[in-house]
Amino acid sequence: MLIFFKVEQKTNEGLNSLFDAAWYTLVTLTTVGYGDIYPSTVPGRITAIILLLAGVAITGAFSGKFASFLFDRQQKKDRGLLKMTKLKNHFIICGYKNNFEKILEGILLANPEIPTDKILLLNTAPQMNIDKIKSDDRFKTINFLHGDFTDEDTLLKAQIKTAERALILADTSEEYSILETDSRTVLGAITIKNLNPKIYCVAEIMDSKFEKHLSLAHCDEIILSSDYEQNLLVQASSGKGMSHILRALISEDAEAGIKLQPIPEKFIGRPYGEFRESLDTTNILIGLLENTGNFYQRRREALAEAQKNPNVEKIVANLKKVKTLRSNLPNFAPSDDYVIPDNSKAIFIQRSTDDTADEGEI
C-alpha cells in the first residue's frame, strides 16, 4: 500500500494521502472499487490487478469456509451432535421405542401448552428413524440430541440442569434384554435426579421389581407398562367389558375420561365433603391426588412442616411420615370429614357430551 501510494502520489490527483491509498486498497480487495480513486500509472495498475485478483481469491475462500461451516453445523444439528445451549424449562424425552411417532403425537395432545421447540429427544435411535420423525410437519421443530441418556456428559449437553420435565421410555433402540432396559431406566432416573433434583421425572419400566429402585431415586411417576398390558388382558378375559372401561378412562379424548383439576385455595385444609358439595354435576368427583408436583419440593416442604412442632417426639413421628412420603398419591372416595392436604388436585370423571348412549335400547 505504501509503495502504491508513493508511485501514484506524484501523477494521480485522486491520491493525496496515505488514507486515500488505504481506502482504495480496501474497496478493491473487498469489491472491485467504487471508481472514485483509480491508478493512472502502469505500476499502479499492475498493483491494482494484483489487489483485484487477491480480493476475488480471499472473498471466495472466505465464502467457501463460511458456507462449509454452516453446512457442517446443520449436519451436526440434524444428527443430534450439537450441545443444546439455548434450551431452558424444556421437556426431555429419553429413549426410543416402537410407535415412537404415536407416542410423540399423544404427548403433544396431552401437553398443548408445551411448544415443540421446547421438546428434546435424547436417544441413540438410527438416523433414518429420526429423519422420518423430523420430516413430519408436526415434529419438525423438535430438538434432537444423539446420545446415551444414562451418561452424565450427554445429559449436561441436553441442559438437564435447566429442564423442567423428563420422560424415560423403556428403550428399545438397541437389542437390550428386559433386565438391561429397566436397569438403564433406573440408572437414567438416578443420574437425572442427581443433576437436577427439581425436575419432574417420569419413568417407564417393564418389570415391577425395579419400582423400588425408582422410588428411592425419587422418581415422580413410575409406569409399569407390562403390568398395565397384563391387567387389560386379565380384565378382558372375564368377559365383562372391563378393558373397554379402562381404555375409556385413560383415553386421549378431551370429552371423556379421567381429568385432574386444581382445588380452590379456600378448600385446602377443609373437609373433603365441603368441597364435594360445592361442585356442580358437570363432572363426577372420585377422589384426590395428593403430593402433586415435584417430589423434591414436596419433601422440602414436608420437612419444614415436620420440624415446627416443639415436641421432640412429635418431630420424630413427623419425620418418619416424611420418610414414607409418596409423590402423586391417589386417594379415592375419602370420607367427608377427611381434611384436604396442601398440593392436592381433584380427580374427576368427565361426563361425555355424546348422548347416543341415552338414546339406545335398554
# chains A, B, ... in the order shown; residues from 1 in each chain; ligands from 1

$ select_by_dssp --residues "segment 80-224 of chain A" --states "helix (DSSP H, G or I)" --output "VMD selection string"
chain A and resid 100 to 110 116 to 118 127 to 134 152 to 157 160 to 162 178 to 195 208 to 216

$ residues_around --residues "segment 222-225 of chain A" --least-positions-apart "3" --cutoff "7 Å" --atoms "only C-alpha atoms" --output "list in words"
Val202, Ala203, Glu204, Ile205, Met206, Ser208, Cys219, Tyr228 and Glu229 of chain A

$ closest_residue --among "A:Lys209, A:Ala248, A:Arg138, A:Ser183" --to "Gly106 of chain A" --atoms "only C-alpha atoms"
A:Arg138

$ closest_residue --among "A:Asn343, A:Glu174, A:Thr31, A:Thr150" --to "Ile190 of chain A" --atoms "only C-alpha atoms"
A:Thr150

$ closest_residue --among "A:Thr141, A:Gln350, A:Ser327, A:Ser243" --to "Gly257 of chain A" --atoms "only C-alpha atoms"
A:Gln350

$ closest_residue --among "A:Thr281, A:Asn99, A:Thr154, A:Gln159" --to "Thr85 of chain A" --atoms "only C-alpha atoms"
A:Gln159

$ atom_distance --atom1 "atom CA of Lys86 of chain A" --atom2 "atom CA of Leu121 of chain A"
14.9 Å

$ select_by_dssp --residues "segment 20-252 of chain A" --states "strand (DSSP E or B)" --output "ChimeraX atom specification"
/A:91-94,119-123,143-146,165-168,200-205,221-224

$ write_last_selection --atoms "N, CA, C and O atoms" --output "tab-separated table (two decimals), in the first residue's frame"
chain	number	residue	atom	x	y	z
A	91	PHE	N	-38.66	-30.00	27.96
A	91	PHE	CA	-39.15	-31.35	28.23
A	91	PHE	C	-38.25	-32.33	27.47
A	91	PHE	O	-38.19	-32.29	26.24
A	92	ILE	N	-37.56	-33.21	28.21
A	92	ILE	CA	-36.65	-34.17	27.59
A	92	ILE	C	-37.31	-35.55	27.54
A	92	ILE	O	-37.76	-36.06	28.56
A	93	ILE	N	-37.36	-36.12	26.36
A	93	ILE	CA	-37.89	-37.48	26.18
A	93	ILE	C	-36.70	-38.40	25.93
A	93	ILE	O	-36.05	-38.32	24.89
A	94	CYS	N	-36.39	-39.26	26.88
A	94	CYS	CA	-35.22	-40.13	26.82
A	94	CYS	C	-35.61	-41.51	26.31
A	94	CYS	O	-36.57	-42.11	26.79
A	119	ILE	N	-39.25	-29.23	23.24
A	119	ILE	CA	-39.14	-30.68	23.44
A	119	ILE	C	-37.82	-31.15	22.87
A	119	ILE	O	-37.42	-30.76	21.77
A	120	LEU	N	-37.12	-31.99	23.62
A	120	LEU	CA	-35.83	-32.53	23.18
A	120	LEU	C	-35.87	-34.05	23.23
A	120	LEU	O	-36.21	-34.64	24.25
A	121	LEU	N	-35.55	-34.67	22.10
A	121	LEU	CA	-35.44	-36.13	22.04
A	121	LEU	C	-33.99	-36.51	22.30
A	121	LEU	O	-33.08	-35.99	21.65
A	122	LEU	N	-33.77	-37.41	23.26
A	122	LEU	CA	-32.42	-37.85	23.60
A	122	LEU	C	-32.38	-39.37	23.49
A	122	LEU	O	-32.95	-40.08	24.33
A	123	ASN	N	-31.74	-39.89	22.44
A	123	ASN	CA	-31.68	-41.33	22.25
A	123	ASN	C	-30.57	-41.69	21.27
A	123	ASN	O	-29.87	-40.81	20.76
A	143	ASN	N	-36.31	-30.65	18.98
A	143	ASN	CA	-34.86	-30.77	19.05
A	143	ASN	C	-34.45	-32.22	19.22
A	143	ASN	O	-35.20	-33.03	19.79
A	144	PHE	N	-33.24	-32.54	18.76
A	144	PHE	CA	-32.74	-33.91	18.86
A	144	PHE	C	-31.28	-33.92	19.27
A	144	PHE	O	-30.46	-33.14	18.75
A	145	LEU	N	-30.95	-34.77	20.24
A	145	LEU	CA	-29.56	-34.97	20.67
A	145	LEU	C	-29.27	-36.46	20.68
A	145	LEU	O	-29.97	-37.22	21.34
A	146	HIS	N	-28.26	-36.85	19.90
A	146	HIS	CA	-27.88	-38.26	19.83
A	146	HIS	C	-26.96	-38.59	21.00
A	146	HIS	O	-25.90	-37.97	21.17
A	165	ARG	N	-38.99	-31.05	32.84
A	165	ARG	CA	-39.61	-32.37	32.89
A	165	ARG	C	-38.80	-33.36	32.09
A	165	ARG	O	-38.18	-33.00	31.08
A	166	ALA	N	-38.82	-34.63	32.52
A	166	ALA	CA	-38.14	-35.69	31.78
A	166	ALA	C	-39.00	-36.94	31.77
A	166	ALA	O	-39.60	-37.31	32.79
A	167	LEU	N	-39.07	-37.56	30.60
A	167	LEU	CA	-39.79	-38.83	30.44
A	167	LEU	C	-38.78	-39.86	29.95
A	167	LEU	O	-38.16	-39.68	28.90
A	168	ILE	N	-38.62	-40.95	30.71
A	168	ILE	CA	-37.69	-42.02	30.33
A	168	ILE	C	-38.50	-43.20	29.83
A	168	ILE	O	-39.25	-43.82	30.59
A	200	TYR	N	-39.22	-32.78	37.17
A	200	TYR	CA	-40.31	-33.74	37.31
A	200	TYR	C	-39.99	-34.91	36.39
A	200	TYR	O	-39.95	-34.76	35.17
A	201	CYS	N	-39.76	-36.07	36.98
A	201	CYS	CA	-39.26	-37.22	36.22
A	201	CYS	C	-40.29	-38.35	36.20
A	201	CYS	O	-40.81	-38.76	37.24
A	202	VAL	N	-40.58	-38.83	34.99
A	202	VAL	CA	-41.49	-39.96	34.78
A	202	VAL	C	-40.69	-41.08	34.10
A	202	VAL	O	-39.96	-40.81	33.14
A	203	ALA	N	-40.80	-42.30	34.59
A	203	ALA	CA	-40.01	-43.40	34.04
A	203	ALA	C	-40.90	-44.61	33.76
A	203	ALA	O	-41.81	-44.93	34.54
A	204	GLU	N	-40.61	-45.28	32.66
A	204	GLU	CA	-41.34	-46.49	32.28
A	204	GLU	C	-40.46	-47.72	32.48
A	204	GLU	O	-39.31	-47.74	32.03
A	205	ILE	N	-40.97	-48.72	33.17
A	205	ILE	CA	-40.25	-49.97	33.35
A	205	ILE	C	-41.16	-51.13	32.96
A	205	ILE	O	-42.38	-50.98	32.92
A	221	GLU	N	-43.17	-40.19	38.83
A	221	GLU	CA	-44.19	-41.13	38.35
A	221	GLU	C	-43.50	-42.35	37.75
A	221	GLU	O	-42.49	-42.22	37.05
A	222	ILE	N	-44.06	-43.53	38.03
A	222	ILE	CA	-43.50	-44.79	37.54
A	222	ILE	C	-44.57	-45.51	36.72
A	222	ILE	O	-45.68	-45.75	37.21
A	223	ILE	N	-44.24	-45.83	35.48
A	223	ILE	CA	-45.17	-46.50	34.59
A	223	ILE	C	-44.75	-47.96	34.44
A	223	ILE	O	-43.65	-48.25	33.97
A	224	LEU	N	-45.63	-48.88	34.86
A	224	LEU	CA	-45.37	-50.31	34.71
A	224	LEU	C	-46.13	-50.80	33.48
A	224	LEU	O	-47.24	-51.32	33.58
